[in-house]
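First comes the structure, then the notes that go with it.
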Amino acid sequence: MMQLLAWTTVQSALAVGGMALLTHALHGVALEPRTIAAAFISWTALAGVLALAASFIVLTVILSFAPWTTFIPVSTACSFACTIGLSLITGTATISMRTIIGMLLIVAGVAVITGMRSTSHP
């Protein structure tokens with residue numbers, strides 16, 4: 001389970017970071033082919049695409065040893081945690097105590113569910 005959690009954390013961080021970089025590169029860009037192409041040539045967009053590609057590669061590694069029925073809930077919880085962490089680091093959003101408590105409840109719930117699943121089906 002620790003191997004799954006470690007790899008999923010890396011995968012989620014790459015996916016959330018890649019999406020954040022692409023959002024930053026494309027935010028406010030006019031919906032015209034020329035301006036979109038120019039936005040994709042920026043270092044921010046290229047880094048976002050590379051992070052998302054790396055996330056996909058890590059995802060294939062994870063699915064080589066973990067069942068998807070376990071991976072998806074763990075990935076969802078890790079993605080929420082990475083999104084909140086990125087928001088705190090960049091200062092783009094304020095995180096309330098209710099958000100932190102909710103996040104902890106989500107992670108705890110996923111841990112309980114996946115723990116029950118792994119003990120009931122060896």
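Lettering and numbering for the structure tokens are positional, with chains as A, B, ... in the shown order, residues counted from 1 in each chain, and ligands counted from 1 in the shown order.
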**Request:** Mind listing the helix (DSSP H, G or I) residues of chain A, per DSSP on the backbone, as a ChimeraX atom specification?
**Result:** /A:2-26,33-40,43-63,68-90,97-120
Hey, can you spit out that residue selection with C-alpha atoms as an mmCIF file, in the first residue's frame?
```
data_model
loop_
_atom_site.group_PDB
_atom_site.id
_atom_site.type_symbol
_atom_site.label_atom_id
_atom_site.label_comp_id
_atom_site.auth_asym_id
_atom_site.auth_seq_id
_atom_site.Cartn_x
_atom_site.Cartn_y
_atom_site.Cartn_z
ATOM 1 C CA MET A 2 2.888 2.375 0.713
ATOM 2 C CA GLN A 3 4.270 1.805 -2.786
ATOM 3 C CA LEU A 4 0.866 2.654 -4.255
ATOM 4 C CA LEU A 5 0.571 5.781 -2.115
ATOM 5 C CA ALA A 6 4.068 6.991 -3.035
ATOM 6 C CA TRP A 7 3.604 6.473 -6.788
ATOM 7 C CA THR A 8 0.090 7.938 -6.696
ATOM 8 C CA THR A 9 1.347 11.043 -4.910
ATOM 9 C CA VAL A 10 3.949 11.556 -7.647
ATOM 10 C CA GLN A 11 1.350 10.954 -10.364
ATOM 11 C CA SER A 12 -1.141 13.349 -8.778
ATOM 12 C CA ALA A 13 1.472 16.063 -8.251
ATOM 13 C CA LEU A 14 2.512 15.818 -11.905
ATOM 14 C CA ALA A 15 -1.104 15.887 -13.124
ATOM 15 C CA VAL A 16 -2.174 18.806 -10.919
ATOM 16 C CA GLY A 17 1.016 20.729 -11.667
ATOM 17 C CA GLY A 18 0.668 20.117 -15.400
ATOM 18 C CA MET A 19 -2.938 21.281 -15.408
ATOM 19 C CA ALA A 20 -2.005 24.373 -13.392
ATOM 20 C CA LEU A 21 0.776 25.248 -15.846
ATOM 21 C CA LEU A 22 -1.483 24.766 -18.862
ATOM 22 C CA THR A 23 -4.233 26.820 -17.227
ATOM 23 C CA HIS A 24 -1.733 29.593 -16.552
ATOM 24 C CA ALA A 25 -0.494 29.512 -20.159
ATOM 25 C CA LEU A 26 -3.966 29.517 -21.717
ATOM 26 C CA PRO A 33 -5.729 29.260 -33.740
ATOM 27 C CA ARG A 34 -2.820 31.707 -33.950
ATOM 28 C CA THR A 35 -3.062 32.900 -30.328
ATOM 29 C CA ILE A 36 -3.608 29.388 -28.984
ATOM 30 C CA ALA A 37 -0.575 28.127 -30.932
ATOM 31 C CA ALA A 38 1.506 31.020 -29.577
ATOM 32 C CA ALA A 39 0.371 30.209 -26.030
ATOM 33 C CA PHE A 40 1.382 26.551 -26.470
ATOM 34 C CA TRP A 43 7.691 27.532 -21.578
ATOM 35 C CA THR A 44 4.724 27.339 -19.195
ATOM 36 C CA ALA A 45 2.583 25.374 -21.641
ATOM 37 C CA LEU A 46 5.457 23.119 -22.671
ATOM 38 C CA ALA A 47 6.239 22.356 -19.026
ATOM 39 C CA GLY A 48 2.549 21.613 -18.442
ATOM 40 C CA VAL A 49 2.392 19.210 -21.370
ATOM 41 C CA LEU A 50 5.585 17.465 -20.215
ATOM 42 C CA ALA A 51 4.238 17.155 -16.660
ATOM 43 C CA LEU A 52 0.981 15.656 -17.943
ATOM 44 C CA ALA A 53 2.892 13.215 -20.161
ATOM 45 C CA ALA A 54 5.051 12.194 -17.197
ATOM 46 C CA SER A 55 1.873 11.772 -15.147
ATOM 47 C CA PHE A 56 0.514 9.391 -17.774
ATOM 48 C CA ILE A 57 3.749 7.372 -17.752
ATOM 49 C CA VAL A 58 3.638 7.098 -13.955
ATOM 50 C CA LEU A 59 -0.019 6.057 -14.243
ATOM 51 C CA THR A 60 0.950 3.130 -16.478
ATOM 52 C CA VAL A 61 3.593 2.083 -13.945
ATOM 53 C CA ILE A 62 1.013 2.172 -11.146
ATOM 54 C CA LEU A 63 -1.509 0.106 -13.103
ATOM 55 C CA TRP A 68 -7.616 0.247 -10.828
ATOM 56 C CA THR A 69 -10.382 -0.216 -8.248
ATOM 57 C CA THR A 70 -7.852 0.656 -5.567
ATOM 58 C CA PHE A 71 -5.877 3.211 -7.553
ATOM 59 C CA ILE A 72 -8.768 5.486 -8.541
ATOM 60 C CA PRO A 73 -9.978 6.338 -4.993
ATOM 61 C CA VAL A 74 -6.407 6.831 -3.782
ATOM 62 C CA SER A 75 -5.639 8.985 -6.816
ATOM 63 C CA THR A 76 -8.719 11.124 -6.222
ATOM 64 C CA ALA A 77 -7.730 11.803 -2.613
ATOM 65 C CA CYS A 78 -4.128 12.546 -3.603
ATOM 66 C CA SER A 79 -5.276 14.897 -6.368
ATOM 67 C CA PHE A 80 -7.421 16.845 -3.900
ATOM 68 C CA ALA A 81 -4.490 17.061 -1.492
ATOM 69 C CA CYS A 82 -2.094 18.174 -4.253
ATOM 70 C CA THR A 83 -4.568 20.812 -5.423
ATOM 71 C CA ILE A 84 -4.882 22.231 -1.915
ATOM 72 C CA GLY A 85 -1.105 22.083 -1.454
ATOM 73 C CA LEU A 86 -0.488 23.908 -4.727
ATOM 74 C CA SER A 87 -3.070 26.537 -3.765
ATOM 75 C CA LEU A 88 -1.265 27.086 -0.478
ATOM 76 C CA ILE A 89 2.157 27.290 -2.128
ATOM 77 C CA THR A 90 1.118 29.684 -4.882
ATOM 78 C CA MET A 97 -10.208 25.177 8.326
ATOM 79 C CA ARG A 98 -13.375 23.571 6.912
ATOM 80 C CA THR A 99 -11.493 22.757 3.697
ATOM 81 C CA ILE A 100 -8.617 21.201 5.628
ATOM 82 C CA ILE A 101 -10.965 19.140 7.797
ATOM 83 C CA GLY A 102 -12.922 18.046 4.710
ATOM 84 C CA MET A 103 -9.713 17.027 2.968
ATOM 85 C CA LEU A 104 -8.606 14.993 5.973
ATOM 86 C CA LEU A 105 -12.006 13.274 6.058
ATOM 87 C CA ILE A 106 -11.773 12.423 2.352
ATOM 88 C CA VAL A 107 -8.283 10.964 2.736
ATOM 89 C CA ALA A 108 -9.300 9.037 5.869
ATOM 90 C CA GLY A 109 -12.418 7.695 4.131
ATOM 91 C CA VAL A 110 -10.427 6.517 1.128
ATOM 92 C CA ALA A 111 -7.865 4.895 3.436
ATOM 93 C CA VAL A 112 -10.624 3.033 5.283
ATOM 94 C CA ILE A 113 -12.334 1.898 2.072
ATOM 95 C CA THR A 114 -9.171 0.754 0.326
ATOM 96 C CA GLY A 115 -7.948 -0.891 3.534
ATOM 97 C CA MET A 116 -11.196 -2.824 3.813
ATOM 98 C CA ARG A 117 -10.994 -3.836 0.167
ATOM 99 C CA SER A 118 -7.416 -5.064 0.433
ATOM 100 C CA THR A 119 -8.138 -7.122 3.573
ATOM 101 C CA SER A 120 -11.342 -8.683 2.235
#
```
